[in-house]
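Heads up, the thing below is written out as structure tokens.
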Amino acid sequence: MTLNKRDQDVKMYAMAKVDSLISALYTLWLFPCNDIPTMIIPVTLLGTLTAASGQFGILARTAEILLRLPQTFSWVWLNVFLFSISNQRSKESILEDSINKPWRPLPAGKLDMGQARQLLLVGISLVFAVCSFCLGAAQETAFCLVLTWMYNDLGGADEHFALRNLINGAAYFVYGSGALKVAAGSDSVGSGASLWLAMVACIISTTMQVQDLKDQEGDRARSRSTAPLDLGDGVCRSTIVAGVGLWSAVCLAYWSWPPIGLLLVVIPASMVAWRAILLRNAVEDALTYRWWSIWMISIFCLPMIASRYQQG
């Protein structure tokens, strides 16, 4: 009986440890999970498709680039993970998330501000080490941390929506450069790829206000400067429609109007424009933001599509 009781205690202890581990991993996953469809997957595809397009003098074969897809995804996920912790740990962010995203770790009570700070301290060291010795693009990781500091700790996210969009654009350039380096297995990004990534950064800087449509209640509660609140909801939506239309034309012209690319870009661009103007509530705005991400991915496909037409 004593032996059976001891075995049961050991099993219960082991199960409790497994449950704690699963709960901890789930809490970590909650930090960046909202960014997976709108940031992590698009940036991973930006790096992978740019590397595989054959347009920028990258010597790696497509098969090699695809085999590095898990590393590229991991690099983007780890860096967005650090940004997410930093972004969600302030009192103002907890207030906003308690309205817009109450399931996040801090408003849900899974962690407190002190624990989030400690997690960030440990996370920065571990992520930088992994990028330095395993994944690559450690320099971009360092730049990501600087932009994270500017955005969150120096108040760049709250200073003015134009500054916020500019930082977001710069971050997309850095994230894209890092993803491209990891995907290509290279230590440098050529001038042609840098120009393309700069164009992508400009798209982000002029259309990223689409993400603020869905969060107006929480942003108003923390007195954050956003385009919908500062310019007015209707004006903000008009700038999104104009930006999406203008950049669709510019990017298609830059890549010589490939027919498939035209179809691929125009459909999600039209969906973003239609939804932004006609469907105006938080739930629909969240879905519009997803369509904006799909539109961005269609833009990222253009170098590869243009390359195939040039070969044909």
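Chain lettering (A, B, ...) mirrors the order of the structure tokens, residue numbering begins at 1 for each chain separately, and ligand numbering begins at 1 in order of display.
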Output as CSV one row per residue of range 216-262 of chain A within 8 Å of range 157-161 of chain A: the closest atom pair and its distance in Å to one decimal place, counting only C-alpha atoms, sorted by chain and residue number ascending.
```
residue,atom,partner,partner_atom,distance
A:Arg224,CA,A:Asp158,CA,5.1
A:Ser225,CA,A:His160,CA,5.2
A:Thr226,CA,A:Phe161,CA,4.7
A:Ala227,CA,A:Phe161,CA,6.0
```
Kindly export the residues of the current selection with N, CA and C atoms, as an mmCIF file, in the first residue's frame.
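Output saved as again.cif:
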```cif
data_model
loop_
_atom_site.group_PDB
_atom_site.id
_atom_site.type_symbol
_atom_site.label_atom_id
_atom_site.label_comp_id
_atom_site.auth_asym_id
_atom_site.auth_seq_id
_atom_site.Cartn_x
_atom_site.Cartn_y
_atom_site.Cartn_z
ATOM 1 N N ARG A 224 -4.365 57.631 -26.364
ATOM 2 C CA ARG A 224 -3.331 57.419 -27.381
ATOM 3 C C ARG A 224 -3.674 58.201 -28.649
ATOM 4 N N SER A 225 -2.653 58.753 -29.277
ATOM 5 C CA SER A 225 -2.839 59.436 -30.555
ATOM 6 C C SER A 225 -2.884 58.410 -31.678
ATOM 7 N N THR A 226 -4.029 58.295 -32.326
ATOM 8 C CA THR A 226 -4.172 57.409 -33.477
ATOM 9 C C THR A 226 -4.893 58.161 -34.586
ATOM 10 N N ALA A 227 -4.747 57.686 -35.802
ATOM 11 C CA ALA A 227 -5.390 58.361 -36.934
ATOM 12 C C ALA A 227 -6.908 58.403 -36.814
#
```
>> Need the shell around Ser194 in chain A: protein/DNA/RNA residues with any atom at most 10 Å away, counting only C-alpha atoms. Skip same-chain ones fewer than 6 positions apart. Format as a list in words?
In response: Phe56, Phe173, Val174, Gly176, Ser177 and Val200 of chain A
>> So that I can check the secondary structure, give me every residue of range 59-191 of chain A assigned alpha helix (DSSP H) by backbone DSSP, as a PyMOL selection string.
In response: chain A and resi 62-67+69-88+91-100+113-130+138-148+156-159+161-184+191
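When only C-alpha atoms are used to measure the gap to Leu166 in chain A, the shortest distance among A:Val182, A:Leu66, A:Cys202, A:Ala14 belongs to A:Cys202.
Nearest residue to Ser23 in chain A among A:Ile99, A:Ala273, A:Ile240, A:Leu111 is A:Leu111, counting only C-alpha atoms.
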Show me a table, sorted first by chain and then by increasing residue number, of the residues of range 32-108 of chain A having an atom at most 12 Å from range 282-303 of chain A, each with its shortest atom pair and the distance in Å to one decimal, counting only C-alpha atoms and written as a tab-separated table.
```
residue	atom	partner	partner_atom	distance
A:Asn34	CA	A:Arg290	CA	10.7
A:Asp35	CA	A:Arg290	CA	10.4
A:Ile36	CA	A:Arg290	CA	10.6
A:Pro37	CA	A:Arg290	CA	7.2
A:Thr38	CA	A:Ser293	CA	5.5
A:Met39	CA	A:Ser293	CA	7.9
A:Ile40	CA	A:Ser293	CA	10.5
A:Ile41	CA	A:Ile297	CA	9.0
A:Pro42	CA	A:Ile297	CA	5.9
A:Val43	CA	A:Ile297	CA	8.6
A:Thr44	CA	A:Ile297	CA	10.0
A:Leu45	CA	A:Ile297	CA	7.2
A:Leu46	CA	A:Phe300	CA	5.5
A:Gly47	CA	A:Phe300	CA	8.8
A:Thr48	CA	A:Phe300	CA	9.4
A:Leu49	CA	A:Cys301	CA	6.4
A:Thr50	CA	A:Pro303	CA	6.7
A:Ala51	CA	A:Pro303	CA	9.6
A:Ala52	CA	A:Pro303	CA	9.0
A:Ser53	CA	A:Pro303	CA	5.7
A:Gly54	CA	A:Pro303	CA	8.1
A:Gln55	CA	A:Pro303	CA	6.6
A:Phe56	CA	A:Pro303	CA	9.2
A:Ile99	CA	A:Ala282	CA	11.8
A:Asn100	CA	A:Ala282	CA	9.4
A:Lys101	CA	A:Ala282	CA	11.9
```
> Between A:Asp187, A:Leu213, A:Ala108, A:Arg89, which is the closest to Asn152 in chain A once you count only C-alpha atoms?
Replying inline: A:Arg89
